[in-house]
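Visitor: Before anything else, here's the structure in question.
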Amino acid sequence: MSDPARRFVAAAEAHRAGRLAEAEDGYRAVLLADVDHPDARRMLGLLAAQQGRPAEALAGTAMATDRADDPELHVAAAGALKAGGWLLAAQASLRRALALRPGFAEAAYNLGNADAARGRPEAATKVYARASALRVNYVDALNNAGPALLAEGRIAEARRSLARVLALEPGHAGAWSNLAVLHQATGETGSAILRFRRGLAADPGQPAIHSNLLFTLTYAESVDDETIYRAFRDWEARHARPLYAEARPHDNDRDPERRLRIGYLSADFRDHPVAHNLIASLGRHDRREVALTLYALPRAGDAMTERFRGVADCWRWVAGQDERQIAAQIREDRIDVLVLVAPHTADNRPLVAALRPAPVQVALYDLTTTGMAAVDAWITDPLIHPPERTTERFVETLVPVPCLVNHAPPSPSPPLARPPSAGAGRITFGSFNNPAKVTGRVIALWAEVLDAVPGSRLLLKYLSRYGSPEMAGLIRDRFAAHGVGPDRLELRSGRLPRMAQLALLNEVDIALDPFPFNGCTTTFEALWMGVPVVTLEGSRFLGRMSGSFLRHIGLGDLVAADAAAYVALAAGLASDLDKRIQLRRELRERLLGSPLCDADAHARSLVAAYRNLWRDWCLSSRNQSVIEAHRRT
């Protein structure tokens, strides 16, 4: 055996024994003697992945065709690659592990996780089932199968999978949380809140479960503004406040007029409603004023992700890092203003702000207050939070811009059609909102609308959710309790491309907005397709979105102050075909001429707000420096 061969065998033995530093030295010694030694180079790549260095792993080895024969190393490599955002490479490594050891349940489980991260629930459920077959009572696989089955619309199966986890481990916090998500998805807000609280009681240190509880509270109309505020402050006390002591002063250049380094931290740089509200505006941030760094948290990328990469001066994929690592990167990049996008929603990391990595920290599109004293400002507009009528409470300073939300006009878009009632002779109301928003009170009011317009029907659509027999049955039963028969409901199902989803709005005469959590993208898309929206205005941001859109395009008369007005507005529109025909022709142009679609103005207003906040920080920092100097003397 040649010397490089002996060295390789010794390094591989050290690798299998877990002596990673010795293995790395051995592989590198092999490459010094034989620079083209393929197995040493591949094993170095695997080792780098195993140690959490995914960039080196991807550069050092062709993961999909690697000849290494240890499936454990392939699973370790896949974990590091997945953390770095290279899901396809991770899946190739996992498939290699399963080829080497077909009964490797952990490899199958991780392959399911990668499919779920890529938004492929159908593939994920199949692999989770394989993992569960390979390992009896595989709790992690059963638990993660729950959300994947729910995403497919297989609600009863999801419920059974999670119930099995809780039968095996009654204190499984993740299963309680996933079961809560299932109840929320079916409009059972009260049940969801109870189950999130069970999950949080099982593991009080889980900020994500706690954020999910807060999210669900915002769907509940019975929860008032003060209760919401206190709940978010409790989140801060439990999770953020212990990290405040780790924050350090900043030495950023305090020139108030220099080019600013702006960072956006978000899990929604992907095909997501928030992305449609951001992409056009971010692309128009004046690069003479700001340098733009995007810190990406999506578990997987897509075509929209690539669009965001294209508008960034610097792109950093940080999904696989913990809060301290992300904060350290932001601090190293010397970001002046950090913008946390919808921080309390899925996969986001609000605790990064608790470490104060940037001098100025701003919330954009969060549910309500972040609850954190470490966040300085919350961007709003005068229609969302009228100064004289706002009761919603915030830790942050409310900073108004002319229009909070910006939408990129869908391109291409389907042609507009006449209102369907013009040919069908009956009114079709519609809602394409998440059924989590279709709570008992919403159903009761929509039933009143249907009763006020004889012969009308209601078209409901949201991904594949209404394709579930259980979900369809729940909805029909809830409407039946208010005297609405199944013949007046049309439940559509299926994940559609955006063009087809927009075209479906041509079958709707009038869109009914849910409450207290309004539509946002769904409201915009209805208006874009010429469909008027009737909304009931609430007291918080989430209940005032649709009303702000309507007022921006001169349709404030469709904003109801109470339930009776909501029914009257819907019935009045239903009886006025001429008005609906006119709106069908005008609404798209009204949107294009409004602040809602003016990305240039939106970008200017955000950058101006960041600049003013930066000036305030520079001034306060200088004042603090003077005070400290006086104290020293």
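Letters A, B, ... go to the chains of the structure tokens in the order shown; residues in each chain start at 1; ligands are counted from 1 in the same order.
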What's the 12 Å shell around Ala574 in chain A, counting only C-alpha atoms, without same-chain residues fewer than 3 positions away, as a PyMOL selection string?
Guide: chain A and resi 419-422+425-429+449-450+452-457+508-512+531-534+567-571+577-581
Visitor: Could you write out the selected residues, including N, CA and C atoms, as a CSV table (one decimal), in the first residue's frame?
Guide:
chain,number,residue,atom,x,y,z
A,419,PRO,N,-68.7,41.6,-14.4
A,419,PRO,CA,-69.2,40.9,-13.1
A,419,PRO,C,-70.0,39.7,-13.5
A,420,PRO,N,-69.7,38.6,-12.8
A,420,PRO,CA,-70.4,37.3,-13.2
A,420,PRO,C,-71.9,37.4,-13.1
A,421,SER,N,-72.4,38.2,-12.2
A,421,SER,CA,-73.8,38.3,-12.0
A,421,SER,C,-74.5,38.9,-13.2
A,422,ALA,N,-73.8,39.6,-14.1
A,422,ALA,CA,-74.4,40.2,-15.3
A,422,ALA,C,-74.9,39.1,-16.2
A,425,GLY,N,-77.1,36.1,-13.3
A,425,GLY,CA,-78.4,36.5,-12.7
A,425,GLY,C,-78.4,36.4,-11.2
A,426,ARG,N,-77.3,36.1,-10.6
A,426,ARG,CA,-77.2,36.0,-9.1
A,426,ARG,C,-75.8,36.5,-8.7
A,427,ILE,N,-75.7,36.9,-7.4
A,427,ILE,CA,-74.5,37.5,-6.9
A,427,ILE,C,-73.6,36.4,-6.3
A,428,THR,N,-72.3,36.5,-6.7
A,428,THR,CA,-71.3,35.7,-6.0
A,428,THR,C,-70.4,36.5,-5.2
A,429,PHE,N,-70.5,36.3,-3.8
A,429,PHE,CA,-69.6,36.9,-2.9
A,429,PHE,C,-68.4,35.9,-2.9
A,449,VAL,N,-75.1,38.5,5.5
A,449,VAL,CA,-74.9,39.1,4.1
A,449,VAL,C,-75.7,38.2,3.1
A,450,LEU,N,-75.5,36.9,3.2
A,450,LEU,CA,-76.1,36.0,2.2
A,450,LEU,C,-77.7,36.1,2.4
A,452,ALA,N,-79.3,38.7,3.4
A,452,ALA,CA,-79.8,40.0,2.9
A,452,ALA,C,-79.8,40.0,1.4
A,453,VAL,N,-79.1,39.1,0.7
A,453,VAL,CA,-79.1,39.1,-0.8
A,453,VAL,C,-79.6,37.7,-1.3
A,454,PRO,N,-80.9,37.6,-1.4
A,454,PRO,CA,-81.5,36.3,-1.8
A,454,PRO,C,-80.9,35.7,-3.1
A,455,GLY,N,-80.7,34.4,-3.0
A,455,GLY,CA,-80.1,33.7,-4.2
A,455,GLY,C,-78.6,33.8,-4.3
A,456,SER,N,-78.0,34.6,-3.5
A,456,SER,CA,-76.5,34.8,-3.6
A,456,SER,C,-75.8,33.6,-3.1
A,457,ARG,N,-74.5,33.5,-3.5
A,457,ARG,CA,-73.7,32.3,-3.0
A,457,ARG,C,-72.3,32.9,-2.6
A,508,VAL,N,-66.1,36.3,-9.1
A,508,VAL,CA,-66.5,36.9,-7.9
A,508,VAL,C,-67.1,38.3,-8.2
A,509,ASP,N,-68.3,38.6,-7.7
A,509,ASP,CA,-68.8,40.0,-7.8
A,509,ASP,C,-68.3,40.9,-6.7
A,510,ILE,N,-68.3,40.4,-5.5
A,510,ILE,CA,-68.0,41.3,-4.3
A,510,ILE,C,-67.1,40.4,-3.4
A,511,ALA,N,-66.0,41.0,-2.9
A,511,ALA,CA,-65.2,40.3,-2.0
A,511,ALA,C,-65.6,40.7,-0.6
A,512,LEU,N,-65.7,39.7,0.3
A,512,LEU,CA,-66.0,39.9,1.7
A,512,LEU,C,-64.7,39.8,2.5
A,531,VAL,N,-62.7,43.7,-8.4
A,531,VAL,CA,-63.7,43.2,-7.5
A,531,VAL,C,-63.7,44.1,-6.3
A,532,PRO,N,-64.8,44.8,-6.0
A,532,PRO,CA,-64.9,45.7,-4.8
A,532,PRO,C,-64.8,44.8,-3.6
A,533,VAL,N,-64.3,45.4,-2.5
A,533,VAL,CA,-64.1,44.7,-1.2
A,533,VAL,C,-64.8,45.5,-0.2
A,534,VAL,N,-65.6,44.7,0.6
A,534,VAL,CA,-66.3,45.3,1.8
A,534,VAL,C,-65.6,44.9,3.0
A,567,VAL,N,-73.2,44.6,6.5
A,567,VAL,CA,-74.2,44.0,5.7
A,567,VAL,C,-74.9,44.9,4.7
A,568,ALA,N,-75.2,46.1,5.2
A,568,ALA,CA,-75.8,47.1,4.3
A,568,ALA,C,-75.0,47.5,3.1
A,569,LEU,N,-73.6,47.6,3.3
A,569,LEU,CA,-72.8,47.9,2.2
A,569,LEU,C,-72.7,46.8,1.2
A,570,ALA,N,-72.6,45.5,1.7
A,570,ALA,CA,-72.5,44.4,0.8
A,570,ALA,C,-73.8,44.3,0.0
A,571,ALA,N,-75.0,44.4,0.7
A,571,ALA,CA,-76.3,44.3,0.0
A,571,ALA,C,-76.5,45.5,-1.0
A,577,LEU,N,-75.7,47.0,-10.1
A,577,LEU,CA,-74.8,46.4,-11.2
A,577,LEU,C,-74.0,47.4,-11.9
A,578,ASP,N,-74.6,48.6,-12.2
A,578,ASP,CA,-73.9,49.6,-12.9
A,578,ASP,C,-72.7,50.1,-12.2
A,579,LYS,N,-72.8,50.2,-10.9
A,579,LYS,CA,-71.6,50.6,-10.1
A,579,LYS,C,-70.5,49.5,-10.2
A,580,ARG,N,-70.9,48.3,-10.1
A,580,ARG,CA,-69.9,47.2,-10.1
A,580,ARG,C,-69.3,47.1,-11.5
A,581,ILE,N,-70.0,47.3,-12.5
A,581,ILE,CA,-69.4,47.3,-13.9
A,581,ILE,C,-68.4,48.5,-14.0
Visitor: Could you pull out all residues of range 210-422 of chain A with a DSSP call of strand (DSSP E or B) and give them as a ChimeraX atom specification?
Guide: /A:260-266,290-296,314-317,337-341,360-364,377-380,397-400
Visitor: Okay, now the selection with N, CA and C atoms, as a tab-separated table (two decimals), in the first residue's frame?
Guide:
chain	number	residue	atom	x	y	z
A	260	LEU	N	-25.94	55.47	4.30
A	260	LEU	CA	-26.32	54.56	5.38
A	260	LEU	C	-26.22	53.11	4.95
A	261	ARG	N	-25.88	52.27	5.90
A	261	ARG	CA	-25.90	50.82	5.68
A	261	ARG	C	-27.20	50.29	6.30
A	262	ILE	N	-28.14	49.90	5.44
A	262	ILE	CA	-29.45	49.42	5.87
A	262	ILE	C	-29.49	47.90	5.74
A	263	GLY	N	-29.91	47.23	6.78
A	263	GLY	CA	-30.07	45.78	6.73
A	263	GLY	C	-31.52	45.39	6.91
A	264	TYR	N	-31.99	44.46	6.10
A	264	TYR	CA	-33.34	43.90	6.26
A	264	TYR	C	-33.18	42.44	6.66
A	265	LEU	N	-33.83	42.04	7.75
A	265	LEU	CA	-33.81	40.66	8.24
A	265	LEU	C	-35.20	40.07	8.04
A	266	SER	N	-35.29	38.98	7.25
A	266	SER	CA	-36.62	38.45	6.94
A	266	SER	C	-36.56	36.99	6.53
A	290	VAL	N	-28.18	54.80	0.38
A	290	VAL	CA	-28.06	53.63	1.24
A	290	VAL	C	-27.35	52.49	0.51
A	291	ALA	N	-26.67	51.68	1.30
A	291	ALA	CA	-26.18	50.37	0.84
A	291	ALA	C	-27.07	49.32	1.49
A	292	LEU	N	-27.58	48.38	0.70
A	292	LEU	CA	-28.63	47.48	1.15
A	292	LEU	C	-28.07	46.07	1.37
A	293	THR	N	-28.19	45.58	2.60
A	293	THR	CA	-27.80	44.20	2.93
A	293	THR	C	-29.05	43.44	3.35
A	294	LEU	N	-29.28	42.29	2.73
A	294	LEU	CA	-30.43	41.45	3.06
A	294	LEU	C	-29.95	40.22	3.81
A	295	TYR	N	-30.51	40.00	4.98
A	295	TYR	CA	-30.20	38.83	5.81
A	295	TYR	C	-31.38	37.87	5.67
A	296	ALA	N	-31.14	36.78	4.95
A	296	ALA	CA	-32.22	35.90	4.51
A	296	ALA	C	-32.40	34.73	5.46
A	314	CYS	N	-25.52	43.47	-0.76
A	314	CYS	CA	-24.89	42.34	-0.08
A	314	CYS	C	-25.99	41.38	0.36
A	315	TRP	N	-25.81	40.12	0.04
A	315	TRP	CA	-26.80	39.08	0.40
A	315	TRP	C	-26.16	38.11	1.37
A	316	ARG	N	-26.85	37.85	2.48
A	316	ARG	CA	-26.33	36.90	3.45
A	316	ARG	C	-27.44	35.92	3.83
A	317	TRP	N	-27.17	34.63	3.57
A	317	TRP	CA	-28.12	33.59	3.93
A	317	TRP	C	-27.79	33.16	5.35
A	337	VAL	N	-28.95	50.84	10.34
A	337	VAL	CA	-30.38	50.68	10.61
A	337	VAL	C	-30.77	49.26	10.23
A	338	LEU	N	-31.24	48.50	11.21
A	338	LEU	CA	-31.70	47.13	10.97
A	338	LEU	C	-33.22	47.13	10.94
A	339	VAL	N	-33.79	46.62	9.84
A	339	VAL	CA	-35.24	46.55	9.66
A	339	VAL	C	-35.67	45.09	9.84
A	340	LEU	N	-36.48	44.85	10.86
A	340	LEU	CA	-36.99	43.51	11.12
A	340	LEU	C	-38.35	43.41	10.44
A	341	VAL	N	-38.44	42.53	9.44
A	341	VAL	CA	-39.66	42.41	8.64
A	341	VAL	C	-40.56	41.34	9.26
A	360	VAL	N	-29.77	51.56	15.26
A	360	VAL	CA	-31.20	51.88	15.09
A	360	VAL	C	-31.90	50.61	14.62
A	361	GLN	N	-33.02	50.25	15.27
A	361	GLN	CA	-33.74	49.02	14.93
A	361	GLN	C	-35.21	49.35	14.73
A	362	VAL	N	-35.76	48.83	13.62
A	362	VAL	CA	-37.08	49.24	13.15
A	362	VAL	C	-37.91	48.00	12.83
A	363	ALA	N	-39.19	48.03	13.18
A	363	ALA	CA	-40.12	46.96	12.82
A	363	ALA	C	-40.95	47.40	11.61
A	364	LEU	N	-41.08	46.49	10.66
A	364	LEU	CA	-41.88	46.74	9.46
A	364	LEU	C	-42.82	45.55	9.26
A	377	ALA	N	-38.46	51.87	16.50
A	377	ALA	CA	-39.53	52.49	15.71
A	377	ALA	C	-40.39	51.42	15.04
A	378	TRP	N	-41.63	51.78	14.79
A	378	TRP	CA	-42.60	50.91	14.11
A	378	TRP	C	-43.18	51.75	12.98
A	379	ILE	N	-42.94	51.33	11.74
A	379	ILE	CA	-43.36	52.11	10.58
A	379	ILE	C	-44.86	51.93	10.36
A	380	THR	N	-45.59	53.04	10.17
A	380	THR	CA	-47.03	52.99	9.95
A	380	THR	C	-47.41	54.06	8.93
A	397	THR	N	-41.67	53.87	19.01
A	397	THR	CA	-42.21	55.11	18.48
A	397	THR	C	-42.86	54.83	17.14
A	398	LEU	N	-44.11	55.26	16.97
A	398	LEU	CA	-44.77	55.12	15.67
A	398	LEU	C	-44.20	56.16	14.72
A	399	VAL	N	-43.70	55.70	13.59
A	399	VAL	CA	-43.11	56.60	12.59
A	399	VAL	C	-43.95	56.51	11.32
A	400	PRO	N	-44.72	57.55	11.00
A	400	PRO	CA	-45.60	57.47	9.83
A	400	PRO	C	-44.88	57.77	8.52
Visitor: With distances taken over only C-alpha atoms, which residue among A:Leu550, A:Leu583, A:Met529, A:Ala145 lies nearest Pro121 in chain A?
Guide: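 Checking each of A:Leu550, A:Leu583, A:Met529, A:Ala145 against Pro121 in chain A, counting only C-alpha atoms, the winner is A:Ala145.
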Visitor: Considering only C-alpha atoms, can you say which of A:Asp513, A:Glu470, A:Glu507, A:Asp140 comes closest to Ile443 in chain A?
Guide: A:Asp513
Visitor: Considering only C-alpha atoms, state which residue in the set A:Asn406, A:Gln329, A:Gln501, A:Gln582 is at the smallest distance from Ala358 in chain A.
Guide: A:Gln329
Visitor: Residues near Asp253 in chain A, anyone? I mean within 10 Å using only C-alpha atoms, not counting same-chain ones fewer than 2 positions away, as a VMD selection string.
Guide: chain A and resid 250 to 251 255 to 256 258 260 334 336 618
Visitor: So which residues touch Tyr27 in chain A within 10 Å, counting only C-alpha atoms, skipping near sequence neighbours fewer than 5 positions away, as a PyMOL selection string?
Guide: chain A and resi 4+7-12+15+22+32+37+39-44+47
Visitor: Produce a file of the selected residues containing C-alpha atoms, as an mmCIF file, in the first residue's frame.
Guide:
data_model
loop_
_atom_site.group_PDB
_atom_site.id
_atom_site.type_symbol
_atom_site.label_atom_id
_atom_site.label_comp_id
_atom_site.auth_asym_id
_atom_site.auth_seq_id
_atom_site.Cartn_x
_atom_site.Cartn_y
_atom_site.Cartn_z
ATOM 1 C CA PRO A 4 -0.940 8.293 0.571
ATOM 2 C CA ARG A 7 -2.477 7.972 5.368
ATOM 3 C CA PHE A 8 -6.013 7.978 3.893
ATOM 4 C CA VAL A 9 -6.988 4.764 5.742
ATOM 5 C CA ALA A 10 -5.679 6.204 9.029
ATOM 6 C CA ALA A 11 -7.522 9.488 8.477
ATOM 7 C CA ALA A 12 -10.750 7.678 7.640
ATOM 8 C CA HIS A 15 -12.976 10.282 11.100
ATOM 9 C CA GLU A 22 -6.854 14.262 13.416
ATOM 10 C CA LEU A 32 -0.068 17.223 -0.059
ATOM 11 C CA HIS A 37 -6.606 12.162 -4.574
ATOM 12 C CA ASP A 39 -11.423 10.302 -1.912
ATOM 13 C CA ALA A 40 -9.405 12.590 0.364
ATOM 14 C CA ARG A 41 -10.936 15.664 -1.243
ATOM 15 C CA ARG A 42 -14.440 14.237 -0.933
ATOM 16 C CA MET A 43 -13.927 13.233 2.690
ATOM 17 C CA LEU A 44 -12.622 16.704 3.522
ATOM 18 C CA LEU A 47 -15.915 16.625 7.279
#
Visitor: From the list A:Ala33, A:Leu555, A:Met545, A:Ala237, which residue is nearest Pro382 in chain A when using only C-alpha atoms?
Guide: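 Between A:Ala33, A:Leu555, A:Met545, A:Ala237, the residue approaching Pro382 in chain A most closely is A:Met545.
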Visitor: So which residues touch range 593-606 of chain A within 6 Å, counting only C-alpha atoms, skipping near sequence neighbours fewer than 6 positions away, as a list in words?
Guide: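 Non-adjacent residues within range: Ala280, Ser281, Arg284, His285, Val401, Asn406 and His407 of chain A.
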Visitor: Using only C-alpha atoms, determine which residues lie at most 12 Å from Arg154 in chain A, disregarding the query and same-chain residues fewer than 5 positions distant; provide the list as a list in words.
Guide: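 That gives Pro121, Glu122, Thr125, Ala145, Gly146, Pro147, Ala148, Leu149, Arg159, Arg160, Ser161, Leu182, Thr186, Ser464, Arg465, Tyr466, Gly467, Ser468, Pro469, Glu470, Met471 and Ala472 of chain A.
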Visitor: What gap, in Å, lies between CA of Pro273 in chain A and CA of Arg195 in chain A?
Guide: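 These two atoms are separated by 26.6 Å.
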Visitor: May I ask which of the residues A:Ala500, A:Ala328, A:Val484, A:Leu460 is the closest one to Pro412 in chain A, counting only C-alpha atoms?
Guide: A:Ala500
Visitor: Give me, please, the distance in Å between CA of Leu297 in chain A and CA of Ile326 in chain A, quoted to one decimal.
Guide: 10.0 Å
Visitor: Could you produce a table of the residues of range 292-362 of chain A lying within 7 Å of range 73-96 of chain A, with the nearest pair of atoms per residue and their separation in Å rounded to one decimal, using only C-alpha atoms, ordered by chain and increasing residue number, as a tab-separated table?
Guide:
residue	atom	partner	partner_atom	distance
A:Arg299	CA	A:Gly85	CA	6.6
A:Ala300	CA	A:Gly85	CA	6.2
A:Ala319	CA	A:Ala83	CA	6.4
A:Gly320	CA	A:Ala83	CA	3.9
Visitor: Okay, now the selection with C-alpha atoms, as a PDB file, in the first residue's frame?
Guide:
ATOM      1  CA  ARG A 299     -35.641  27.643   4.759  1.00  0.00           C
ATOM      2  CA  ALA A 300     -35.538  27.358   0.960  1.00  0.00           C
ATOM      3  CA  ALA A 319     -31.185  30.645   8.063  1.00  0.00           C
ATOM      4  CA  GLY A 320     -28.910  28.052   9.654  1.00  0.00           C
TER       5      GLY A 320
END
Visitor: For each of A:Ala346, A:Leu463, A:Leu505, A:Leu536, take the minimum atom-to-atom distance to Phe524 in chain A, counting only C-alpha atoms, then give the residue where this is smallest.
Guide: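 When distances to Phe524 in chain A are compared using only C-alpha atoms, the smallest one comes from A:Leu505.
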Visitor: Measure the distance from CA of Pro343 in chain A to CA of Asn143 in chain A in Å and round it to one decimal.
Guide: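 A separation of 24.7 Å between them.
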Visitor: Do you know which residues are at most 9 Å from Gly174 in chain A counting only C-alpha atoms, after dropping those on the same chain fewer than 6 positions away, and could you put them as JSON, numbers by chain?
Guide: {"A": [143, 144, 199, 203, 209]}
